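model09.txt, holding compact mmCIF, C-alpha atoms and all ligand atoms:
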```
# COMPACT_ATOMS: atom_id res chain seq x y z
CA MET P 1 0.00 0.00 0.00
CA THR P 2 1.22 3.54 -0.72
CA SER P 3 1.69 6.21 1.95
CA PRO P 4 -1.53 7.57 3.49
CA HIS P 5 -3.25 10.36 1.65
CA THR P 6 -5.85 12.36 3.50
CA GLY P 7 -7.63 14.38 0.77
CA PRO P 8 -10.32 13.11 -1.62
CA ALA P 9 -9.56 9.84 -3.41
CA ILE P 10 -10.26 11.37 -6.82
CA VAL P 11 -10.41 14.97 -8.01
CA THR P 12 -11.00 16.02 -11.61
CA ARG P 13 -11.08 19.55 -12.97
CA GLY P 14 -12.30 20.18 -16.51
CA LEU P 15 -11.27 16.63 -17.42
CA THR P 16 -11.68 16.25 -21.17
CA ARG P 17 -10.78 13.63 -23.77
CA HIS P 18 -11.27 13.90 -27.50
CA PHE P 19 -10.58 11.21 -30.09
CA THR P 20 -10.15 11.63 -33.80
CA SER P 21 -11.96 9.01 -35.75
CA ARG P 22 -12.25 9.16 -39.56
CA LYS P 23 -11.26 12.84 -39.47
CA GLN P 24 -14.13 13.55 -37.07
CA THR P 25 -13.54 14.69 -33.50
CA VAL P 26 -15.35 12.61 -30.91
CA GLU P 27 -15.80 14.52 -27.65
CA ALA P 28 -15.85 11.44 -25.44
CA VAL P 29 -15.49 13.25 -22.09
CA GLN P 30 -16.30 16.94 -21.79
CA GLY P 31 -15.04 18.87 -18.79
CA LEU P 32 -15.70 16.63 -15.79
CA ASP P 33 -15.44 18.31 -12.38
CA LEU P 34 -15.64 15.62 -9.74
CA GLU P 35 -14.60 14.99 -6.19
CA ILE P 36 -14.86 11.45 -4.82
CA GLY P 37 -14.09 10.97 -1.14
CA GLN P 38 -12.05 8.15 0.32
CA GLY P 39 -14.15 5.09 1.04
CA GLU P 40 -17.01 5.99 -1.33
CA LEU P 41 -18.55 3.36 -3.60
CA VAL P 42 -19.50 5.21 -6.77
CA ALA P 43 -21.20 3.96 -9.92
CA PHE P 44 -20.82 5.71 -13.26
CA LEU P 45 -24.06 4.98 -15.08
CA GLY P 46 -24.85 5.86 -18.67
CA PRO P 47 -25.73 4.51 -22.11
CA ASN P 48 -23.25 3.09 -24.63
CA GLY P 49 -20.76 5.73 -25.70
CA ALA P 50 -21.50 8.08 -22.79
CA GLY P 51 -17.81 8.34 -21.86
CA LYS P 52 -17.69 6.02 -18.82
CA SER P 53 -14.77 3.83 -19.94
CA THR P 54 -12.84 6.80 -21.30
CA THR P 55 -13.12 8.49 -17.91
CA LEU P 56 -11.91 5.35 -16.16
CA ARG P 57 -9.07 4.93 -18.62
CA MET P 58 -7.87 8.47 -17.91
CA LEU P 59 -8.16 7.98 -14.14
CA THR P 60 -6.18 4.73 -14.38
CA THR P 61 -3.49 6.43 -16.55
CA LEU P 62 -4.15 4.23 -19.58
CA ILE P 63 -4.81 7.30 -21.73
CA PRO P 64 -3.87 10.93 -21.08
CA PRO P 65 -6.52 13.67 -20.93
CA THR P 66 -6.79 16.05 -23.89
CA SER P 67 -7.18 18.85 -21.35
CA GLY P 68 -8.04 19.36 -17.69
CA THR P 69 -6.53 17.55 -14.73
CA ALA P 70 -7.21 14.55 -12.55
CA SER P 71 -5.61 13.21 -9.44
CA VAL P 72 -6.08 9.82 -7.84
CA ALA P 73 -4.94 9.09 -4.26
CA GLY P 74 -3.25 12.49 -4.31
CA HIS P 75 -1.22 11.89 -7.49
CA ASP P 76 -1.68 13.59 -10.84
CA VAL P 77 -2.62 11.07 -13.54
CA VAL P 78 -0.09 12.56 -15.97
CA THR P 79 2.87 13.72 -13.88
CA GLY P 80 2.46 11.08 -11.17
CA GLN P 81 1.48 8.20 -13.40
CA ARG P 82 3.65 5.66 -11.62
CA ASP P 83 2.34 6.60 -8.16
CA VAL P 84 -1.25 6.44 -9.39
CA ARG P 85 -0.63 2.95 -10.77
CA ARG P 86 0.77 1.82 -7.43
CA ALA P 87 -2.24 3.13 -5.56
CA ILE P 88 -4.98 1.65 -7.73
CA GLY P 89 -6.41 -1.63 -8.88
CA PHE P 90 -8.06 -1.73 -12.28
CA VAL P 91 -10.28 -4.46 -13.61
CA GLY P 92 -11.02 -3.67 -17.23
CA GLN P 93 -13.60 -5.17 -19.57
CA GLY P 94 -11.19 -7.70 -21.06
CA ASN P 95 -9.88 -10.59 -18.97
CA GLY P 96 -6.62 -9.83 -17.20
CA ALA P 97 -5.47 -13.34 -16.41
CA GLY P 98 -3.53 -15.48 -18.92
CA HIS P 99 -5.56 -18.34 -20.37
CA ARG P 100 -3.16 -21.22 -20.01
CA GLN P 101 -1.99 -20.40 -16.48
CA LEU P 102 -3.48 -21.73 -13.29
CA GLY P 103 -5.56 -19.10 -11.47
CA ARG P 104 -3.48 -19.26 -8.31
CA ASP P 105 -0.20 -18.93 -10.27
CA GLU P 106 -1.56 -15.84 -11.99
CA LEU P 107 -2.24 -14.27 -8.61
CA ILE P 108 1.24 -15.16 -7.36
CA SER P 109 2.87 -13.70 -10.49
CA GLN P 110 0.82 -10.55 -10.08
CA GLY P 111 1.96 -10.24 -6.45
CA ARG P 112 5.59 -10.70 -7.51
CA ALA P 113 5.11 -8.04 -10.22
CA HIS P 114 3.98 -5.68 -7.44
CA GLY P 115 7.17 -6.35 -5.50
CA LEU P 116 5.95 -8.92 -2.95
CA THR P 117 8.39 -11.56 -1.78
CA ARG P 118 7.71 -15.12 -2.93
CA ALA P 119 6.31 -16.04 0.51
CA ASP P 120 4.12 -12.90 0.70
CA ALA P 121 2.86 -13.42 -2.85
CA HIS P 122 1.81 -16.98 -1.96
CA ARG P 123 0.13 -15.80 1.25
CA ARG P 124 -1.72 -13.02 -0.56
CA ALA P 125 -2.85 -15.40 -3.31
CA ASP P 126 -4.23 -17.78 -0.65
CA GLU P 127 -6.10 -14.91 1.04
CA LEU P 128 -7.65 -13.76 -2.22
CA VAL P 129 -8.60 -17.29 -3.26
CA ALA P 130 -10.49 -17.60 0.03
CA ASP P 131 -12.00 -14.08 -0.08
CA LEU P 132 -13.28 -14.44 -3.61
CA ASP P 133 -14.60 -17.99 -3.22
CA LEU P 134 -12.12 -19.37 -5.71
CA GLU P 135 -10.96 -22.43 -3.69
CA ALA P 136 -12.62 -24.95 -5.98
CA VAL P 137 -11.16 -23.48 -9.18
CA ALA P 138 -7.90 -21.72 -8.26
CA ASP P 139 -5.78 -24.69 -9.33
CA ARG P 140 -7.43 -25.01 -12.72
CA LYS P 141 -6.36 -23.39 -15.97
CA VAL P 142 -7.91 -19.95 -16.39
CA SER P 143 -9.29 -20.96 -19.80
CA SER P 144 -11.49 -23.61 -18.14
CA LEU P 145 -13.25 -21.16 -15.78
CA SER P 146 -16.82 -19.96 -16.25
CA GLY P 147 -17.57 -16.28 -16.91
CA GLY P 148 -18.43 -15.62 -13.25
CA GLN P 149 -15.31 -17.43 -12.00
CA ARG P 150 -13.18 -15.46 -14.49
CA ARG P 151 -14.61 -12.17 -13.27
CA ARG P 152 -13.87 -13.13 -9.66
CA LEU P 153 -10.31 -14.04 -10.62
CA ASP P 154 -9.94 -10.72 -12.50
CA ILE P 155 -11.09 -8.84 -9.42
CA ALA P 156 -8.66 -10.85 -7.26
CA MET P 157 -5.88 -9.83 -9.69
CA GLY P 158 -6.84 -6.18 -9.21
CA LEU P 159 -6.74 -6.55 -5.42
CA VAL P 160 -3.35 -8.27 -5.02
CA HIS P 161 -1.54 -5.12 -3.86
CA LEU P 162 -4.33 -3.86 -1.54
CA PRO P 163 -5.20 -0.85 -3.71
CA ARG P 164 -6.56 2.28 -2.07
CA VAL P 165 -8.81 2.92 -5.06
CA LEU P 166 -10.35 0.10 -7.08
CA PHE P 167 -11.73 0.74 -10.57
CA LEU P 168 -14.06 -1.82 -12.12
CA ASP P 169 -15.11 -1.27 -15.73
CA GLU P 170 -18.46 -2.98 -16.26
CA PRO P 171 -17.67 -5.81 -13.84
CA SER P 172 -20.88 -7.72 -14.48
CA THR P 173 -21.25 -7.40 -18.25
CA GLY P 174 -21.71 -10.85 -19.76
CA LEU P 175 -22.71 -12.54 -16.50
CA ASP P 176 -26.05 -14.25 -15.94
CA PRO P 177 -28.41 -12.63 -13.40
CA GLN P 178 -27.43 -14.94 -10.53
CA ASN P 179 -23.70 -14.40 -11.06
CA ARG P 180 -24.34 -10.69 -11.36
CA ILE P 181 -26.00 -10.66 -7.94
CA ASN P 182 -23.16 -12.77 -6.47
CA LEU P 183 -20.62 -10.32 -7.86
CA GLN P 184 -22.51 -7.34 -6.48
CA GLU P 185 -22.53 -8.93 -3.03
CA LEU P 186 -18.82 -9.58 -3.35
CA ILE P 187 -18.04 -5.98 -4.33
CA GLN P 188 -20.14 -4.68 -1.45
CA ARG P 189 -18.38 -7.02 1.00
CA LEU P 190 -14.90 -6.10 -0.25
CA HIS P 191 -15.77 -2.44 -0.01
CA THR P 192 -17.06 -2.76 3.55
CA GLU P 193 -14.15 -4.91 4.69
CA THR P 194 -11.28 -2.97 3.10
CA GLY P 195 -12.75 0.56 3.28
CA SER P 196 -11.15 1.31 -0.07
CA THR P 197 -12.73 3.63 -2.61
CA VAL P 198 -14.52 1.73 -5.38
CA VAL P 199 -15.49 3.27 -8.71
CA LEU P 200 -17.35 1.13 -11.21
CA THR P 201 -19.05 1.69 -14.52
CA THR P 202 -22.24 -0.06 -15.39
CA HIS P 203 -25.12 -0.13 -17.85
CA TYR P 204 -27.28 -1.87 -15.30
CA LEU P 205 -29.66 0.43 -13.47
CA GLU P 206 -30.38 -2.18 -10.83
CA GLU P 207 -26.67 -2.63 -10.19
CA ALA P 208 -26.05 1.07 -9.65
CA ASP P 209 -29.14 1.25 -7.48
CA ALA P 210 -28.30 -1.75 -5.30
CA LEU P 211 -24.60 -1.24 -4.93
CA ALA P 212 -23.50 2.35 -4.99
CA GLY P 213 -23.77 4.98 -2.31
CA ARG P 214 -23.44 7.54 -5.07
CA VAL P 215 -24.56 7.39 -8.68
CA ILE P 216 -22.98 9.64 -11.29
CA VAL P 217 -25.12 9.61 -14.42
CA VAL P 218 -23.21 10.55 -17.57
CA ASP P 219 -24.45 11.22 -21.06
CA HIS P 220 -22.54 12.58 -24.06
CA GLY P 221 -19.40 12.94 -21.96
CA ARG P 222 -21.00 15.13 -19.29
CA VAL P 223 -22.32 14.54 -15.78
CA ILE P 224 -26.08 15.02 -15.83
CA ALA P 225 -26.83 13.86 -12.29
CA ASP P 226 -24.75 13.07 -9.22
CA ASP P 227 -26.36 11.95 -5.97
CA SER P 228 -27.47 8.89 -4.03
CA ALA P 229 -29.87 6.67 -5.99
CA ALA P 230 -32.53 7.26 -3.33
CA ARG P 231 -32.30 11.06 -3.60
CA LEU P 232 -32.21 11.01 -7.40
CA LYS P 233 -35.40 8.97 -7.43
CA SER P 234 -37.23 10.77 -4.64
CA GLY P 235 -36.63 14.07 -6.41
CA LEU P 236 -38.74 12.74 -9.25
CA GLY P 237 -41.79 11.49 -7.31
CA ASP P 238 -43.99 8.42 -7.86
CA LEU P 239 -45.76 7.71 -11.11
CA VAL P 240 -49.55 7.39 -10.96
CA ARG P 241 -50.70 6.15 -14.38
CA LEU P 242 -54.42 6.46 -15.04
CA GLY P 243 -55.96 4.80 -18.10
CA PHE P 244 -59.15 6.00 -19.80
CA ASP P 245 -61.38 4.63 -22.54
CA SER P 246 -61.64 7.81 -24.64
CA ALA P 247 -59.49 10.78 -25.66
CA ALA P 248 -62.15 13.11 -24.29
CA SER P 249 -61.84 11.51 -20.85
CA VAL P 250 -58.05 11.81 -21.05
CA ASP P 251 -58.33 15.55 -21.75
CA ARG P 252 -60.87 16.13 -19.03
CA ALA P 253 -58.89 14.13 -16.46
CA ALA P 254 -55.66 15.92 -17.43
CA ALA P 255 -57.30 19.30 -16.90
CA ARG P 256 -58.54 18.21 -13.49
CA LEU P 257 -55.19 16.68 -12.46
CA SER P 258 -53.19 19.74 -13.50
CA ARG P 259 -54.60 21.33 -10.35
CA VAL P 260 -52.88 18.78 -8.05
CA PRO P 261 -50.21 20.79 -6.21
CA GLU P 262 -46.50 19.95 -6.69
CA SER P 263 -47.16 17.47 -9.45
CA ARG P 264 -46.46 17.03 -13.15
CA VAL P 265 -48.94 15.78 -15.71
CA ASP P 266 -47.98 13.99 -18.97
CA VAL P 267 -50.66 12.91 -21.40
CA THR P 268 -50.65 10.01 -23.88
CA SER P 269 -53.54 8.98 -26.14
CA GLU P 270 -55.03 6.63 -23.54
CA SER P 271 -53.58 7.64 -20.22
CA VAL P 272 -52.60 10.47 -17.95
CA ASP P 273 -49.32 10.16 -16.02
CA LEU P 274 -49.18 12.06 -12.78
CA ARG P 275 -45.81 12.50 -11.08
CA VAL P 276 -46.34 13.24 -7.44
CA LYS P 277 -44.34 12.92 -4.24
CA ASP P 278 -46.22 10.13 -2.46
CA GLY P 279 -48.32 8.37 -5.08
CA SER P 280 -49.73 5.62 -2.86
CA ALA P 281 -51.03 8.13 -0.33
CA MET P 282 -52.45 10.45 -3.02
CA VAL P 283 -54.14 7.93 -5.26
CA GLY P 284 -57.36 7.54 -3.23
CA GLU P 285 -58.00 11.27 -3.28
CA VAL P 286 -57.19 11.49 -6.99
CA LEU P 287 -59.62 8.69 -7.84
CA ALA P 288 -62.38 10.26 -5.74
CA ASP P 289 -61.83 13.61 -7.49
CA LEU P 290 -61.98 12.06 -10.95
CA ALA P 291 -65.11 10.06 -10.08
CA ALA P 292 -66.76 13.24 -8.79
CA ASP P 293 -65.87 14.90 -12.11
CA GLY P 294 -67.47 12.05 -14.09
CA VAL P 295 -64.19 10.61 -15.46
CA PRO P 296 -63.30 7.55 -13.38
CA PRO P 297 -60.23 5.85 -14.83
CA THR P 298 -60.47 2.31 -16.22
CA ARG P 299 -56.94 1.38 -15.07
CA VAL P 300 -54.73 2.63 -12.24
CA GLU P 301 -51.07 1.90 -11.63
CA VAL P 302 -48.79 3.37 -8.98
CA ALA P 303 -45.04 2.87 -9.45
CA ARG P 304 -42.03 4.00 -7.48
CA PRO P 305 -39.53 5.89 -9.66
CA THR P 306 -36.54 4.00 -11.04
CA LEU P 307 -33.16 5.33 -12.13
CA ASP P 308 -34.41 4.84 -15.68
CA ASP P 309 -37.20 7.34 -14.92
CA VAL P 310 -34.51 9.74 -13.65
CA PHE P 311 -32.56 9.33 -16.90
CA LEU P 312 -35.73 9.71 -18.97
CA ASP P 313 -36.60 12.87 -17.07
CA LEU P 314 -33.14 14.33 -17.61
CA THR P 315 -32.63 13.40 -21.25
CA GLY P 316 -36.00 12.51 -22.75
CA ARG P 317 -34.60 9.02 -23.54
CA SER P 318 -34.87 5.74 -21.69
CA LEU P 319 -31.55 4.32 -20.54
CA ARG P 320 -33.01 0.83 -20.79
CA GLU P 321 -33.78 1.35 -24.47
CA THR P 322 -30.33 2.75 -25.23
CA GLN P 323 -28.65 -0.33 -23.73
CA GLN P 324 -27.05 -2.66 -26.20
CA THR P 325 -24.96 -5.74 -25.88
CA THR P 326 -21.37 -4.67 -25.47
CA ASP P 327 -18.82 -6.33 -27.68
CA PRO P 328 -15.90 -6.91 -25.29
CA THR P 329 -13.40 -6.93 -28.14
CA ALA P 330 -14.48 -3.46 -29.21
CA THR P 331 -13.13 -1.92 -26.02
CA THR P 332 -9.71 -3.58 -25.89
CA ARG P 333 -7.78 -0.58 -27.10
CA THR P 334 -5.07 0.60 -24.76
CA GLU P 335 -1.52 0.45 -26.05
CA SER P 336 -1.91 2.76 -29.04
CA GLU P 337 -3.83 5.22 -26.90
CA VAL P 338 -1.24 5.35 -24.14
CA ALA P 339 1.18 6.46 -26.78
CA ALA P 340 -1.34 8.87 -28.36
N1 LIG S 1 -10.01 4.92 -29.28
C1 LIG S 1 -11.09 5.57 -29.66
N2 LIG S 1 -11.12 6.15 -30.88
C2 LIG S 1 -12.20 6.83 -31.30
N3 LIG S 1 -13.31 7.01 -30.56
C3 LIG S 1 -13.34 6.46 -29.33
C4 LIG S 1 -12.23 5.71 -28.82
N4 LIG S 1 -12.56 5.29 -27.57
C5 LIG S 1 -13.81 5.74 -27.32
N5 LIG S 1 -14.28 6.44 -28.37
C6 LIG S 1 -15.58 7.09 -28.50
O1 LIG S 1 -15.76 7.89 -27.35
C7 LIG S 1 -17.12 7.87 -26.91
C8 LIG S 1 -17.16 7.38 -25.47
O2 LIG S 1 -16.78 6.02 -25.44
P1 LIG S 1 -16.67 5.20 -24.07
O3 LIG S 1 -16.11 3.85 -24.42
O4 LIG S 1 -15.97 6.02 -23.06
O5 LIG S 1 -18.20 5.09 -23.67
P2 LIG S 1 -18.87 4.18 -22.56
O6 LIG S 1 -19.81 5.05 -21.83
O7 LIG S 1 -17.85 3.48 -21.76
O8 LIG S 1 -19.66 3.15 -23.48
P3 LIG S 1 -19.93 1.57 -23.28
O9 LIG S 1 -21.00 1.53 -22.26
O10 LIG S 1 -20.40 1.15 -24.62
O11 LIG S 1 -18.65 0.91 -22.85
C9 LIG S 1 -17.84 6.95 -27.88
O12 LIG S 1 -18.43 7.76 -28.88
C10 LIG S 1 -16.73 6.10 -28.45
O13 LIG S 1 -17.04 5.64 -29.76
```
Please render this file's structure as structure tokens.
Amino acid sequence: MTSPHTGPAIVTRGLTRHFTSRKQTVEAVQGLDLEIGQGELVAFLGPNGAGKSTTLRMLTTLIPPTSGTASVAGHDVVTGQRDVRRAIGFVGQGNGAGHRQLGRDELISQGRAHGLTRADAHRRADELVADLDLEAVADRKVSSLSGGQRRRLDIAMGLVHLPRVLFLDEPSTGLDPQNRINLQELIQRLHTETGSTVVLTTHYLEEADALAGRVIVVDHGRVIADDSAARLKSGLGDLVRLGFDSAASVDRAAARLSRVPESRVDVTSESVDLRVKDGSAMVGEVLADLAADGVPPTRVEVARPTLDDVFLDLTGRSLRETQQTTDPTATTRTESEVAA
């Protein structure tokens, strides 16, 4: 572990990265100003191409910023590259471990590469094998492991040197739902036990919601929201969706509902959506009002807001609909960019 650093784990000021692709400039990350405290567990959430991986790759020194600054564990990512690398663990989207090696040997080699003695590297490998539930598979070739086992081994590789800040780029992409939940529990446990700062990127709304104390929503290279999942959602209010059997009823109900204080009304051809702070408590009164007005709804739904609703509210697009399957080979681009 590197010497103690007392300030924020991560600070960025105007952090920007452009790429040139087919003579076009891609503004992948546009002026990020962030401060992430030590011990936070933060999720970067956003659609494909939002700039999540590019941000992580700058913070982990894999690519330099085009402009702006960033420091991690007190070290500048450009001038203190080596110190940053010592202080962090990074688990990228590709698999870090060699295919033909045994999992445990990979961990030992990694420990040696970080300067541990042979005995310490063995001890650390044993600890990680136990911590990440790899006992049954650690002495098998990496190529024979399942996707979930591979991800756990990758995370173990990133933890060998007890990093103060751990970066995980889409840790659960490609895993089935059960393995995804197992991995989330593991990340939460590691975070609680080690107290290290964890920054992960994800497409999965549920993952960000369940795991992170803080959710930073990015779109088109910019931060569009930054708060706890609970606060982001409660700011939006519940959705009360009321269905009607005619357009005339929709119009009449919408006019009536526009008088509900501190609410928002959205109209579709068959329904009126009311956003209101405590939907379950309000719905009885709303139904009574509409019945008194001669427009009782034919269907009623009350839903708690999701992070997707937050994204929809901020951008007019659904994050769920912008999600696509990520091609892991499409993101394995590091060497040329380090030199860029
Ligand atoms: N090496 C590169 N050359 C050209 N453009 C790039 C390069 N790397 C990233 N980009 C572009 O920068 C933008 C941000 O990409 P980035 O990979 O950071 O997004 P992301 O939010 O991580 O997306 P995903 O969820 O798909 O991984 C995209 O438009 C992407 O095509």
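Ranking P:Arg17, P:Gln149, P:Asp76, P:Gln38 by their shortest atom-to-atom distance to Ile63 in chain P, with only C-alpha atoms included, puts P:Arg17 first.
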Neighbouring residues of Asp33 in chain P were defined as those with any atom within 9 Å, considering all atoms listed in the file; residues of the same chain fewer than 5 positions away were excluded. Please report them as a VMD selection string. chain P and resid 11 to 15 223
Keeping only C-alpha atoms, write the selected residues as a PDB file, keeping the file's coordinate frame.
```pdb
ATOM      1  CA  VAL P  11     -10.410  14.970  -8.010  1.00  0.00           C
ATOM      2  CA  THR P  12     -11.000  16.020 -11.610  1.00  0.00           C
ATOM      3  CA  ARG P  13     -11.080  19.550 -12.970  1.00  0.00           C
ATOM      4  CA  GLY P  14     -12.300  20.180 -16.510  1.00  0.00           C
ATOM      5  CA  LEU P  15     -11.270  16.630 -17.420  1.00  0.00           C
ATOM      6  CA  VAL P 223     -22.320  14.540 -15.780  1.00  0.00           C
TER       7      VAL P 223
END
```
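CA of Gly31 in chain P to CA of Thr16 in chain P spans 4.9 Å [interatomic distance, one decimal].
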Do you know which residues are within 7 Å of ligand LIG 1 (chain S) using all atoms listed in the file? Can you write them as a PyMOL selection string? chain P and resi 19-21+26-29+46-55+203+221+326+331+333+337
Please identify all polymer residues lying at most 8 Å from the point (-26.9, 13.2, -25.9) (file coordinates), using only C-alpha atoms, and present the result as a ChimeraX atom specification. /P:219-220,315
Please indicate the distance in Å from CA of Gly89 in chain P to CA of Leu319 in chain P, rounded to one decimal place.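 According to the coordinates, CA of Gly89 in chain P and CA of Leu319 in chain P are separated by 28.3 Å.
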Within 7 Å of Ala138 in chain P, counting all atoms listed in the file, which residues show up once you throw out same-chain ones fewer than 5 positions away? Write them as a list in words, please. Leu102, Gly103, Arg104 and Val129 of chain P
How would you write as a PyMOL selection string the residues that get within 12 Å of (-34.8, 6.7, -21.8) in the file's frame, counting only C-alpha atoms? chain P and resi 46-47+205+219+306-323
Mind checking which residues fall within 9 Å of Leu56 in chain P, counting all atoms listed in the file, ignoring those fewer than 3 positions away in the same chain, and posting them as a PyMOL selection string? chain P and resi 51-53+59-62+90+167-169+199-201
Identify which of the residues P:Gly68, P:Gly213, P:Gly294, P:Gly39 lies closest to Glu193 in chain P, counting all atoms listed in the file when measuring atom-to-atom distances.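 Distance minimum relative to Glu193 in chain P lands on P:Gly39.
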Using all atoms listed in the file, determine which residues lie at most 9 Å from Ala9 in chain P, disregarding the query and same-chain residues fewer than 3 positions distant; provide the list as a PyMOL selection string. chain P and resi 5-6+35-40+71-74+164-165+197
How far is it from CA of Val217 in chain P to CA of Arg231 in chain P, in Å with one decimal?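 If I compute the distance from CA of Val217 in chain P to CA of Arg231 in chain P, I get 13.1 Å.
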Could you give me the axis-aligned bounding box of range 181-194 of chain P, with 8 Å of padding per side, as centre plus edge lengths in Å to one decimal, as lines of an AutoDock Vina configuration file?
```
center_x = -18.6
center_y = -7.6
center_z = -1.6
size_x = 30.7
size_y = 26.3
size_z = 28.6
```
Distance query Leu162 in chain P at most 9 Å, only C-alpha atoms, self and fewer than 6 positions along chain excluded, as a ChimeraX atom specification: /P:1,87-89,194,196
Closest to Asp133 in chain P among P:Leu183, P:Leu236, P:Val42, P:Val272, using all atoms listed in the file?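 Of P:Leu183, P:Leu236, P:Val42, P:Val272, the one nearest Asp133 in chain P is P:Leu183, counting all atoms listed in the file.
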Using only C-alpha atoms, find the one residue out of P:Arg22, P:Ser146, P:Arg57, P:Ala229 that sits nearest to Arg85 in chain P.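 That would be P:Arg57, the residue with the smallest distance to Arg85 in chain P.
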